[in-house]
file coords-v7.csv (CSV, C-alpha atoms)
chain,number,residue,atom,x,y,z
A,198,MET,CA,65.7,-50.5,63.0
A,199,ALA,CA,64.7,-48.5,66.0
A,200,THR,CA,65.8,-50.1,69.3
A,201,SER,CA,62.2,-50.2,70.6
A,202,ILE,CA,61.2,-52.7,67.9
A,203,ARG,CA,61.4,-56.2,69.2
A,204,GLU,CA,62.3,-58.7,66.5
A,205,GLN,CA,61.3,-62.3,67.1
A,206,PRO,CA,63.6,-65.0,65.7
A,207,ALA,CA,62.6,-66.4,62.3
A,208,ALA,CA,64.1,-67.4,59.0
A,209,THR,CA,65.6,-64.4,57.2
A,210,GLU,CA,63.9,-65.3,53.9
A,211,ALA,CA,60.4,-65.4,55.5
A,212,ALA,CA,57.9,-62.7,54.8
A,213,ARG,CA,57.9,-60.0,57.5
A,214,CYS,CA,54.8,-59.2,59.6
A,215,LEU,CA,54.7,-56.3,62.0
A,216,ILE,CA,52.4,-56.7,65.1
A,217,VAL,CA,51.4,-53.3,66.6
A,218,ASP,CA,49.7,-53.3,70.0
A,219,ASP,CA,50.5,-51.7,73.4
A,220,ASP,CA,49.7,-55.0,75.1
A,221,PRO,CA,52.9,-57.2,75.1
A,222,LEU,CA,50.8,-60.4,75.7
A,223,VAL,CA,48.8,-59.8,72.5
A,224,ARG,CA,52.0,-59.2,70.6
A,225,ARG,CA,53.6,-62.4,71.8
A,226,THR,CA,50.5,-64.5,71.3
A,227,LEU,CA,50.0,-63.3,67.7
A,228,GLY,CA,53.7,-63.6,67.1
A,229,ARG,CA,53.8,-67.3,68.0
A,230,VAL,CA,50.9,-68.0,65.7
A,231,LEU,CA,52.5,-66.2,62.7
A,232,GLN,CA,55.9,-67.8,63.3
A,233,SER,CA,54.2,-71.2,63.2
A,234,GLN,CA,53.2,-70.2,59.6
A,235,GLY,CA,56.8,-69.5,58.7
A,236,MET,CA,56.7,-65.7,59.0
A,237,ALA,CA,59.4,-63.4,60.4
A,238,VAL,CA,57.6,-61.3,63.1
A,239,ALA,CA,58.5,-57.9,64.5
A,240,GLU,CA,56.7,-56.1,67.3
A,241,ALA,CA,55.9,-52.4,67.9
A,242,ALA,CA,54.2,-51.0,71.0
A,243,SER,CA,52.9,-47.9,69.2
A,244,GLY,CA,52.1,-46.4,65.9
A,245,GLU,CA,55.3,-44.3,65.9
A,246,GLU,CA,57.4,-47.4,66.5
A,247,ALA,CA,55.5,-49.2,63.7
A,248,LEU,CA,56.4,-46.6,61.1
A,249,ALA,CA,60.0,-46.7,62.2
A,250,ALA,CA,60.0,-50.5,61.5
A,251,PHE,CA,59.7,-49.8,57.8
A,252,GLU,CA,63.2,-48.4,57.8
A,253,ALA,CA,64.5,-52.0,57.8
A,254,GLY,CA,62.7,-52.8,54.6
A,255,PRO,CA,59.3,-53.6,53.1
A,256,VAL,CA,56.7,-55.0,55.5
A,257,PRO,CA,54.1,-57.1,53.6
A,258,LEU,CA,51.7,-57.3,56.5
A,259,VAL,CA,50.8,-55.1,59.5
A,260,ILE,CA,48.4,-56.2,62.2
A,261,THR,CA,47.5,-53.3,64.5
A,262,ASP,CA,45.2,-52.6,67.4
A,263,LEU,CA,42.7,-49.8,67.0
A,264,TYR,CA,43.3,-48.0,70.3
A,265,MET,CA,46.8,-47.3,71.5
A,266,PRO,CA,48.5,-44.4,73.3
A,267,GLY,CA,49.6,-41.7,71.0
A,268,MET,CA,49.0,-42.7,67.3
A,269,ASP,CA,45.9,-44.9,67.1
A,270,GLY,CA,45.3,-47.7,64.7
A,271,VAL,CA,43.2,-45.6,62.2
A,272,THR,CA,45.9,-43.0,62.0
A,273,LEU,CA,48.5,-45.7,61.6
A,274,LEU,CA,46.5,-47.3,58.8
A,275,ARG,CA,46.3,-44.0,56.9
A,276,GLU,CA,50.0,-43.4,57.3
A,277,VAL,CA,51.1,-46.9,56.3
A,278,LEU,CA,48.9,-46.9,53.1
A,279,GLU,CA,50.0,-43.4,52.1
A,280,ARG,CA,53.7,-44.2,52.6
A,281,HIS,CA,53.7,-47.9,51.8
A,282,PRO,CA,50.6,-48.7,49.7
A,283,ASP,CA,51.7,-52.3,49.0
A,284,THR,CA,51.4,-53.2,52.7
A,285,ALA,CA,48.4,-55.3,53.7
A,286,VAL,CA,46.9,-54.1,57.0
A,287,LEU,CA,44.7,-56.1,59.4
A,288,ILE,CA,42.8,-54.3,62.3
A,289,ILE,CA,42.4,-55.8,65.7
A,290,THR,CA,39.0,-54.8,67.1
A,291,GLY,CA,36.6,-55.4,70.0
A,292,VAL,CA,33.0,-56.4,69.5
A,293,ALA,CA,31.9,-52.8,70.2
A,294,GLU,CA,34.3,-51.4,67.6
A,295,VAL,CA,33.0,-53.3,64.5
A,296,LYS,CA,31.6,-50.0,63.0
A,297,THR,CA,35.1,-48.4,63.2
A,298,ALA,CA,36.6,-51.6,61.8
A,299,VAL,CA,34.3,-51.4,58.8
A,300,GLU,CA,35.3,-47.8,58.3
A,301,CYS,CA,38.9,-49.0,58.3
A,302,LEU,CA,38.0,-51.4,55.5
A,303,GLN,CA,36.7,-48.5,53.5
A,304,LEU,CA,40.0,-46.7,54.1
A,305,GLY,CA,41.9,-49.6,52.7
A,306,ALA,CA,42.4,-52.2,55.4
A,307,MET,CA,42.4,-55.8,54.1
A,308,ASP,CA,40.3,-57.2,57.0
A,309,TYR,CA,39.9,-57.2,60.8
A,310,LEU,CA,40.3,-59.6,63.7
A,311,SER,CA,37.8,-59.6,66.6
A,312,LYS,CA,38.9,-59.9,70.2
A,313,PRO,CA,39.5,-62.3,71.7
A,314,VAL,CA,41.5,-63.5,68.6
A,315,LEU,CA,41.2,-67.2,67.7
A,316,VAL,CA,44.2,-69.0,66.3
A,317,GLU,CA,42.4,-70.5,63.3
A,318,GLU,CA,40.8,-67.1,62.5
A,319,VAL,CA,44.2,-65.4,62.6
A,320,ARG,CA,45.7,-68.0,60.2
A,321,THR,CA,42.8,-67.8,57.8
A,322,ARG,CA,42.6,-64.0,57.7
A,323,VAL,CA,46.4,-63.6,57.4
A,324,HIS,CA,46.5,-66.1,54.6
A,325,ASN,CA,43.7,-64.3,52.8
A,326,ALA,CA,45.2,-60.9,53.3
A,327,LEU,CA,48.6,-62.0,51.9
A,328,GLU,CA,46.9,-63.8,49.0
A,329,LYS,CA,44.9,-60.7,48.1
A,330,ARG,CA,48.1,-58.6,48.3
A,331,ARG,CA,49.9,-61.0,46.0
A,332,LEU,CA,47.1,-60.9,43.5
A,333,THR,CA,47.1,-57.1,43.7
A,334,LEU,CA,50.8,-56.9,43.0
A,335,GLU,CA,50.4,-59.4,40.1
A,336,ASN,CA,47.5,-57.4,38.7
A,337,ARG,CA,49.5,-54.2,38.9
A,338,TRP,CA,52.4,-55.8,37.0
A,339,LEU,CA,49.9,-57.1,34.4
A,340,GLN,CA,48.4,-53.6,34.0
A,341,ARG,CA,51.8,-51.9,33.7
A,342,THR,CA,53.3,-54.4,31.3
A,343,TYR,CA,50.2,-54.7,29.1
A,344,GLN,CA,49.6,-51.0,29.0
A,345,GLU,CA,53.2,-50.2,28.2
A,346,ARG,CA,53.5,-52.9,25.5
A,347,LEU,CA,50.1,-52.2,23.9
A,348,GLU,CA,50.6,-48.4,23.8
A,349,GLU,CA,54.0,-48.8,22.2
A,350,ARG,CA,52.9,-51.3,19.6
A,351,LEU,CA,49.3,-50.7,18.8
A,352,ARG,CA,49.8,-48.0,16.1
A,353,GLU,CA,52.5,-50.1,14.5
A,354,LEU,CA,50.3,-53.2,14.0
A,355,SER,CA,49.4,-53.9,10.4
A,356,ARG,CA,46.2,-55.4,9.3
A,357,ARG,CA,47.7,-58.9,9.2
A,358,ASN,CA,48.6,-58.6,12.9
A,359,GLN,CA,45.0,-57.7,14.0
A,360,GLU,CA,44.2,-61.3,14.9
A,361,MET,CA,47.2,-61.5,17.1
A,362,PHE,CA,46.4,-58.2,18.7
A,363,LEU,CA,42.8,-59.3,19.4
A,364,GLY,CA,44.1,-62.4,21.1
A,365,GLN,CA,46.3,-60.2,23.3
A,366,VAL,CA,43.6,-57.9,24.4
A,367,GLN,CA,41.1,-60.7,25.0
A,368,MET,CA,43.7,-62.4,27.1
A,369,ALA,CA,44.2,-59.2,29.0
A,370,VAL,CA,40.5,-59.0,29.8
A,371,ARG,CA,40.4,-62.6,30.9
A,372,MET,CA,43.4,-62.2,33.2
A,373,LEU,CA,42.2,-59.0,34.7
A,374,GLU,CA,38.8,-60.5,35.5
A,375,ALA,CA,40.4,-63.6,36.9
A,376,LYS,CA,42.1,-61.4,39.6
A,377,ASP,CA,38.8,-60.1,40.9
A,378,VAL,CA,35.9,-62.4,42.0
A,379,TYR,CA,33.5,-59.6,41.6
A,380,THR,CA,33.9,-59.2,37.8
A,381,ARG,CA,34.9,-62.7,36.8
A,382,GLY,CA,33.1,-63.6,33.6
A,383,HIS,CA,31.5,-60.1,33.3
A,384,SER,CA,32.7,-59.3,29.8
A,385,GLN,CA,31.7,-62.7,28.4
A,386,ARG,CA,28.2,-62.4,29.8
A,387,VAL,CA,27.8,-58.9,28.5
A,388,SER,CA,28.9,-60.2,25.1
A,389,ILE,CA,26.2,-62.9,25.2
A,390,TYR,CA,23.5,-60.5,26.5
A,391,ALA,CA,24.3,-58.0,23.8
A,392,THR,CA,24.5,-60.5,20.9
A,393,ARG,CA,21.2,-62.2,21.7
A,394,THR,CA,19.5,-58.8,22.2
A,395,ALA,CA,20.9,-57.6,18.8
A,396,VAL,CA,19.4,-60.7,17.1
A,397,GLN,CA,16.0,-59.7,18.4
A,398,LEU,CA,16.5,-56.3,16.7
A,399,GLY,CA,17.2,-58.0,13.4
A,400,ILE,CA,21.0,-57.5,13.4
A,401,THR,CA,23.0,-60.2,11.7
A,402,GLY,CA,26.3,-60.9,9.9
A,403,VAL,CA,29.4,-58.7,10.4
A,404,LEU,CA,27.7,-56.2,12.7
A,405,LEU,CA,26.6,-59.0,15.0
A,406,ASP,CA,30.2,-60.2,15.2
A,407,GLN,CA,31.3,-56.8,16.1
A,408,ILE,CA,28.7,-56.5,18.9
A,409,ARG,CA,29.9,-59.9,20.2
A,410,LEU,CA,33.5,-58.6,20.2
A,411,GLY,CA,32.6,-55.2,21.6
A,412,GLY,CA,30.9,-56.9,24.5
A,413,GLU,CA,34.0,-58.8,25.3
A,414,LEU,CA,36.3,-55.7,25.1
A,415,HIS,CA,34.0,-53.0,26.4
A,416,ASP,CA,35.9,-52.6,29.7
A,417,ILE,CA,39.5,-53.0,28.3
A,418,GLY,CA,40.2,-49.4,29.3
A,419,LYS,CA,40.0,-50.4,33.0
A,420,ILE,CA,43.5,-52.0,32.6
A,421,GLY,CA,44.8,-48.6,33.6
A,422,THR,CA,42.3,-48.0,36.5
A,423,ARG,CA,43.7,-48.4,40.0
A,424,ASP,CA,42.7,-51.6,42.0
A,425,ALA,CA,41.9,-49.5,45.0
A,426,ILE,CA,39.2,-47.7,43.0
A,427,LEU,CA,37.8,-50.8,41.1
A,428,ASN,CA,37.6,-52.8,44.4
A,429,LYS,CA,36.5,-50.0,46.7
A,430,PRO,CA,33.7,-51.3,49.1
A,431,GLY,CA,32.2,-47.8,49.6
A,432,PRO,CA,31.1,-44.9,47.4
A,433,LEU,CA,33.7,-43.3,45.1
A,434,THR,CA,34.8,-39.7,45.6
A,435,ALA,CA,34.3,-37.3,42.8
A,436,ASP,CA,38.0,-37.6,41.7
A,437,GLU,CA,37.8,-41.4,41.9
A,438,PHE,CA,34.7,-41.4,39.7
A,439,GLU,CA,36.4,-39.2,37.2
A,440,GLU,CA,39.2,-41.8,37.0
A,441,VAL,CA,36.8,-44.6,36.4
A,442,LYS,CA,35.0,-42.6,33.7
A,443,ARG,CA,38.3,-42.3,31.7
A,444,HIS,CA,38.2,-46.1,31.0
A,445,VAL,CA,35.9,-45.6,28.0
A,446,VAL,CA,38.2,-43.1,26.3
A,447,GLU,CA,41.3,-45.0,27.2
A,448,GLY,CA,39.7,-48.3,26.0
A,449,GLU,CA,39.0,-46.6,22.6
A,450,GLU,CA,42.6,-45.5,22.4
A,451,ILE,CA,43.9,-49.0,23.1
A,452,LEU,CA,41.7,-50.4,20.4
A,453,GLU,CA,42.5,-47.7,17.8
A,454,PRO,CA,44.1,-50.3,15.4
A,455,LEU,CA,40.7,-51.9,15.1
A,456,ARG,CA,38.9,-48.8,14.0
A,457,LYS,CA,39.0,-49.4,10.2
A,458,GLU,CA,37.9,-53.1,10.3
A,459,HIS,CA,35.8,-53.0,13.5
A,460,PRO,CA,34.3,-49.5,13.9
A,461,ALA,CA,31.3,-50.7,15.9
A,462,VAL,CA,33.6,-52.3,18.5
A,463,LEU,CA,35.1,-48.8,19.3
A,464,GLN,CA,31.6,-47.3,19.4
A,465,ILE,CA,30.6,-49.8,22.1
A,466,VAL,CA,33.8,-49.2,24.1
A,467,ARG,CA,33.5,-45.4,24.1
A,468,TRP,CA,29.7,-45.0,24.4
A,469,HIS,CA,28.3,-47.9,26.4
A,470,HIS,CA,27.9,-45.5,29.4
A,471,GLU,CA,25.9,-42.8,27.5
A,472,HIS,CA,22.3,-42.2,28.5
A,473,LEU,CA,19.4,-41.3,26.2
A,474,ASP,CA,18.8,-38.1,28.3
A,475,GLY,CA,22.4,-36.9,27.9
A,476,LYS,CA,23.4,-37.6,31.5
A,477,GLY,CA,25.9,-40.3,30.6
A,478,PHE,CA,29.6,-40.1,29.7
A,479,PRO,CA,32.0,-39.3,28.1
A,480,ASP,CA,30.3,-37.1,25.5
A,481,HIS,CA,26.8,-36.7,26.9
A,482,LEU,CA,25.2,-37.9,23.7
A,483,THR,CA,21.4,-38.0,23.5
A,484,GLY,CA,18.8,-40.3,21.9
A,485,GLU,CA,19.8,-41.7,18.5
A,486,ARG,CA,23.0,-39.8,18.5
A,487,ILE,CA,24.2,-42.8,20.5
A,488,PRO,CA,25.0,-45.6,18.1
A,489,LEU,CA,22.6,-48.5,18.3
A,490,VAL,CA,25.4,-50.9,19.1
A,491,ALA,CA,26.3,-48.8,22.2
A,492,ARG,CA,22.7,-48.6,23.3
A,493,ILE,CA,22.5,-52.4,23.2
A,494,ALA,CA,25.8,-52.8,25.1
A,495,ALA,CA,24.5,-50.3,27.8
A,496,VAL,CA,21.5,-52.5,28.6
A,497,ALA,CA,23.6,-55.7,28.7
A,498,ASP,CA,26.3,-54.1,30.8
A,499,ALA,CA,23.9,-52.6,33.3
A,500,PHE,CA,21.9,-55.8,33.7
A,501,ASP,CA,25.0,-57.9,34.4
A,502,ALA,CA,26.3,-55.3,36.9
A,503,MET,CA,23.0,-55.4,38.8
A,504,THR,CA,22.7,-59.2,39.0
A,505,THR,CA,26.3,-60.0,40.1
A,506,SER,CA,28.2,-59.3,43.3
A,507,ARG,CA,30.3,-56.1,43.5
A,508,ALA,CA,32.7,-54.9,46.2
A,509,TYR,CA,30.3,-52.3,47.2
A,510,ARG,CA,27.0,-54.2,47.2
A,511,PRO,CA,25.3,-57.7,46.8
A,512,PRO,CA,23.6,-58.8,43.6
A,513,ARG,CA,20.0,-57.8,42.9
A,514,GLU,CA,17.3,-60.4,42.0
A,515,VAL,CA,16.8,-60.9,38.3
A,516,SER,CA,13.3,-59.7,38.5
A,517,THR,CA,14.3,-56.5,40.3
A,518,ALA,CA,17.0,-55.9,37.7
A,519,MET,CA,14.5,-56.4,34.9
A,520,LYS,CA,12.1,-53.9,36.5
A,521,GLU,CA,15.0,-51.4,36.8
A,522,LEU,CA,15.7,-51.7,33.1
A,523,ASP,CA,12.0,-50.9,32.5
A,524,ARG,CA,12.0,-48.0,34.9
A,525,CYS,CA,15.0,-46.4,33.2
A,526,ALA,CA,13.8,-47.1,29.7
A,527,GLY,CA,13.4,-43.8,27.9
A,528,SER,CA,15.8,-41.9,30.2
A,529,GLN,CA,18.9,-44.0,30.5
A,530,PHE,CA,18.1,-46.9,28.1
A,531,ASP,CA,16.6,-47.3,24.7
A,532,PRO,CA,13.0,-48.7,25.2
A,533,ASP,CA,13.3,-50.8,22.0
A,534,VAL,CA,16.5,-52.3,23.3
A,535,VAL,CA,15.0,-53.1,26.7
A,536,GLY,CA,12.1,-54.7,25.0
A,537,ALA,CA,14.4,-56.8,22.8
A,538,PHE,CA,16.4,-57.8,25.9
A,539,HIS,CA,13.2,-59.1,27.5
A,540,ARG,CA,12.4,-61.1,24.4
A,541,ALA,CA,15.9,-62.5,24.3
A,542,PHE,CA,15.8,-63.7,27.9
A,543,PRO,CA,12.2,-64.7,28.8
A,544,ASP,CA,13.4,-67.4,31.2
A,545,SER,CA,15.3,-66.1,34.2
A,546,THR,CA,16.6,-69.6,35.0
A,547,ARG,CA,18.5,-69.8,31.7
A,548,LEU,CA,20.6,-66.6,31.9
A,549,PRO,CA,24.4,-66.7,31.3
A,550,LEU,CA,24.9,-65.9,35.0
A,551,ASN,CA,23.3,-69.2,35.9
A,552,GLN,CA,25.4,-71.3,33.5
call {"tool": "encode", "arguments": {"input": "coords-v7.csv", "output": "structure tokens"}}
result
Amino acid sequence: MATSIREQPAATEAARCLIVDDDPLVRRTLGRVLQSQGMAVAEAASGEEALAAFEAGPVPLVITDLYMPGMDGVTLLREVLERHPDTAVLIITGVAEVKTAVECLQLGAMDYLSKPVLVEEVRTRVHNALEKRRLTLENRWLQRTYQERLEERLRELSRRNQEMFLGQVQMAVRMLEAKDVYTRGHSQRVSIYATRTAVQLGITGVLLDQIRLGGELHDIGKIGTRDAILNKPGPLTADEFEEVKRHVVEGEEILEPLRKEHPAVLQIVRWHHEHLDGKGFPDHLTGERIPLVARIAAVADAFDAMTTSRAYRPPREVSTAMKELDRCAGSQFDPDVVGAFHRAFPDSTRLPLNQ
């Protein structure tokens, strides 16, 4: 470790936190608070010193001031996340710097602390940042292990193993959603919306069962999408959006063993983002070239997305979401499906999102 880094005494097995500020009083004050939480604390007086601190090993948490001589906090944030993406970064900001702090959140910072910092606020936000980091790492492990195992085994599964396979992918969906408060329960609600809408269109039997299952599994391809993109609080770049769009094709590939027995499920997974006017993805299908089951899932998916919280926006009112479905009927959505959705859910107080 560089000699300019001042290590405060703490148990060697404790998680490391690096405090970066050119004011030694701020460093010492925060250091005492974090040590009381059982953390090993290191200090750095500049961004350059902070980057050197990583030579001693992983640093789970960095707390940095925005304005420092030399490398400022925004530049340090970019450098840390590029070199050490598993590090959680908190920004220290003044009241007049909130706009810059929000921009830092969009760059990947976990949270920010307002000056003067309060002890309880520090404890709460540090705990939340480390908990979110833990969940992110667990989710990454989940993605990697499930994707590796599924890709290796899917094409080897025989018909008698399909029930076991279905259980695995359904569990994967539930576990992925459990990691993110914004999408928790999304697939189950889409399944309910789609199934009840399909009934209004006269669909029954095996096809109705496939619509139910397709709703549950429609986003399984997101198992390979990076957390930073799925949870990004601001607009996606063109490259990031292209990565998100791949989830429909990758989901179809994951579920390939189901094609013979459950073809409608794969149609839903691949084409639930197609639009009647051809402006959807991945194949730019138009009108009735889009399978009916996918047109049903598209309405269900869009409605649930609009009426629930997302990282980048708050939920819309149910009435507003219903009007948006009507407005886009004929261009994005099938008007008959939108009408069936209205008939299936005439009472906004009895929607799945309220249960």
call {"tool": "residues_around", "arguments": {"input": "coords-v7.csv", "residues": "Ala537 of chain A", "least_positions_apart": "6", "cutoff": "12 Å", "atoms": "only C-alpha atoms", "output": "PyMOL selection string"}}
result
chain A and resi 390-400+492-493+496-497+522-523+526+530-531+543
call {"tool": "atom_distance", "arguments": {"input": "coords-v7.csv", "atom1": "atom CA of Val466 of chain A", "atom2": "atom CA of Ile487 of chain A"}}
result
12.1 Å
call {"tool": "closest_residue", "arguments": {"input": "coords-v7.csv", "among": "A:Lys429, A:Arg225, A:Arg330, A:Lys419", "to": "Ala369 of chain A", "atoms": "only C-alpha atoms"}}
result
A:Lys419
call {"tool": "closest_residue", "arguments": {"input": "coords-v7.csv", "among": "A:Arg510, A:His324, A:Arg275, A:His481", "to": "Gly235 of chain A", "atoms": "all atoms listed in the file"}}
result
A:His324
call {"tool": "residues_around", "arguments": {"input": "coords-v7.csv", "residues": "Arg337 of chain A", "least_positions_apart": "3", "cutoff": "10 Å", "atoms": "only C-alpha atoms", "output": "CSV table (one decimal) with C-alpha atoms, in the frame of the given file"}}
result
chain,number,residue,atom,x,y,z
A,331,ARG,CA,49.9,-61.0,46.0
A,332,LEU,CA,47.1,-60.9,43.5
A,333,THR,CA,47.1,-57.1,43.7
A,334,LEU,CA,50.8,-56.9,43.0
A,340,GLN,CA,48.4,-53.6,34.0
A,341,ARG,CA,51.8,-51.9,33.7
A,342,THR,CA,53.3,-54.4,31.3
A,343,TYR,CA,50.2,-54.7,29.1
A,373,LEU,CA,42.2,-59.0,34.7
A,420,ILE,CA,43.5,-52.0,32.6
A,421,GLY,CA,44.8,-48.6,33.6
A,422,THR,CA,42.3,-48.0,36.5
A,423,ARG,CA,43.7,-48.4,40.0
A,424,ASP,CA,42.7,-51.6,42.0
call {"tool": "atom_distance", "arguments": {"input": "coords-v7.csv", "atom1": "atom CA of Gly267 of chain A", "atom2": "atom CA of Glu245 of chain A"}}
result
8.1 Å
call {"tool": "residues_near_point", "arguments": {"input": "coords-v7.csv", "point": "(51.1, -53.3, 61.4)", "cutoff": "7 Å", "atoms": "all atoms listed in the file", "output": "PyMOL selection string"}}
result
chain A and resi 215-217+247+258-261+286
call {"tool": "build_atoms", "arguments": {"input": "coords-v7.csv", "residues": "segment 457-479 of chain A", "atoms": "N, CA and C atoms", "output": "mmCIF file, in the coordinates of the input"}}
result
data_model
loop_
_atom_site.group_PDB
_atom_site.id
_atom_site.type_symbol
_atom_site.label_atom_id
_atom_site.label_comp_id
_atom_site.auth_asym_id
_atom_site.auth_seq_id
_atom_site.Cartn_x
_atom_site.Cartn_y
_atom_site.Cartn_z
ATOM 1 N N LYS A 457 39.342 -49.271 11.609
ATOM 2 C CA LYS A 457 39.000 -49.400 10.200
ATOM 3 C C LYS A 457 38.160 -50.661 9.950
ATOM 4 N N GLU A 458 38.561 -51.780 10.545
ATOM 5 C CA GLU A 458 37.900 -53.100 10.300
ATOM 6 C C GLU A 458 36.730 -53.311 11.263
ATOM 7 N N HIS A 459 36.781 -52.722 12.449
ATOM 8 C CA HIS A 459 35.800 -53.000 13.500
ATOM 9 C C HIS A 459 35.277 -51.712 14.118
ATOM 10 N N PRO A 460 34.700 -50.797 13.373
ATOM 11 C CA PRO A 460 34.300 -49.500 13.900
ATOM 12 C C PRO A 460 33.241 -49.627 15.045
ATOM 13 N N ALA A 461 32.342 -50.604 14.923
ATOM 14 C CA ALA A 461 31.300 -50.700 15.900
ATOM 15 C C ALA A 461 31.857 -51.151 17.289
ATOM 16 N N VAL A 462 32.976 -51.872 17.285
ATOM 17 C CA VAL A 462 33.600 -52.300 18.500
ATOM 18 C C VAL A 462 34.039 -51.011 19.306
ATOM 19 N N LEU A 463 34.651 -50.068 18.611
ATOM 20 C CA LEU A 463 35.100 -48.800 19.300
ATOM 21 C C LEU A 463 33.909 -47.982 19.707
ATOM 22 N N GLN A 464 32.805 -48.032 18.943
ATOM 23 C CA GLN A 464 31.600 -47.300 19.400
ATOM 24 C C GLN A 464 31.076 -47.869 20.692
ATOM 25 N N ILE A 465 31.082 -49.178 20.826
ATOM 26 C CA ILE A 465 30.600 -49.800 22.100
ATOM 27 C C ILE A 465 31.533 -49.434 23.224
ATOM 28 N N VAL A 466 32.838 -49.519 23.005
ATOM 29 C CA VAL A 466 33.800 -49.200 24.100
ATOM 30 C C VAL A 466 33.669 -47.805 24.568
ATOM 31 N N ARG A 467 33.542 -46.852 23.651
ATOM 32 C CA ARG A 467 33.500 -45.400 24.100
ATOM 33 C C ARG A 467 32.137 -45.024 24.615
ATOM 34 N N TRP A 468 31.050 -45.555 24.079
ATOM 35 C CA TRP A 468 29.700 -45.000 24.400
ATOM 36 C C TRP A 468 28.787 -45.892 25.141
ATOM 37 N N HIS A 469 29.269 -46.999 25.735
ATOM 38 C CA HIS A 469 28.300 -47.900 26.400
ATOM 39 C C HIS A 469 27.845 -47.327 27.760
ATOM 40 N N HIS A 470 28.377 -46.180 28.187
ATOM 41 C CA HIS A 470 27.900 -45.500 29.400
ATOM 42 C C HIS A 470 27.113 -44.223 29.090
ATOM 43 N N GLU A 471 26.767 -44.008 27.825
ATOM 44 C CA GLU A 471 25.900 -42.800 27.500
ATOM 45 C C GLU A 471 24.469 -43.144 27.820
ATOM 46 N N HIS A 472 23.709 -42.099 28.170
ATOM 47 C CA HIS A 472 22.300 -42.200 28.500
ATOM 48 C C HIS A 472 21.458 -41.468 27.445
ATOM 49 N N LEU A 473 20.256 -41.942 27.179
ATOM 50 C CA LEU A 473 19.400 -41.300 26.200
ATOM 51 C C LEU A 473 19.138 -39.811 26.580
ATOM 52 N N ASP A 474 19.100 -39.511 27.888
ATOM 53 C CA ASP A 474 18.800 -38.100 28.300
ATOM 54 C C ASP A 474 20.028 -37.247 28.368
ATOM 55 N N GLY A 475 21.178 -37.762 27.922
ATOM 56 C CA GLY A 475 22.400 -36.900 27.900
ATOM 57 C C GLY A 475 23.166 -36.900 29.181
ATOM 58 N N LYS A 476 22.758 -37.658 30.193
ATOM 59 C CA LYS A 476 23.400 -37.600 31.500
ATOM 60 C C LYS A 476 24.511 -38.653 31.649
ATOM 61 N N GLY A 477 24.840 -39.344 30.564
ATOM 62 C CA GLY A 477 25.900 -40.300 30.600
ATOM 63 C C GLY A 477 27.265 -39.717 30.352
ATOM 64 N N PHE A 478 28.240 -40.567 30.027
ATOM 65 C CA PHE A 478 29.600 -40.100 29.700
ATOM 66 C C PHE A 478 30.194 -40.985 28.650
ATOM 67 N N PRO A 479 31.219 -40.527 27.912
ATOM 68 C CA PRO A 479 32.000 -39.300 28.100
ATOM 69 C C PRO A 479 31.546 -38.089 27.386
#
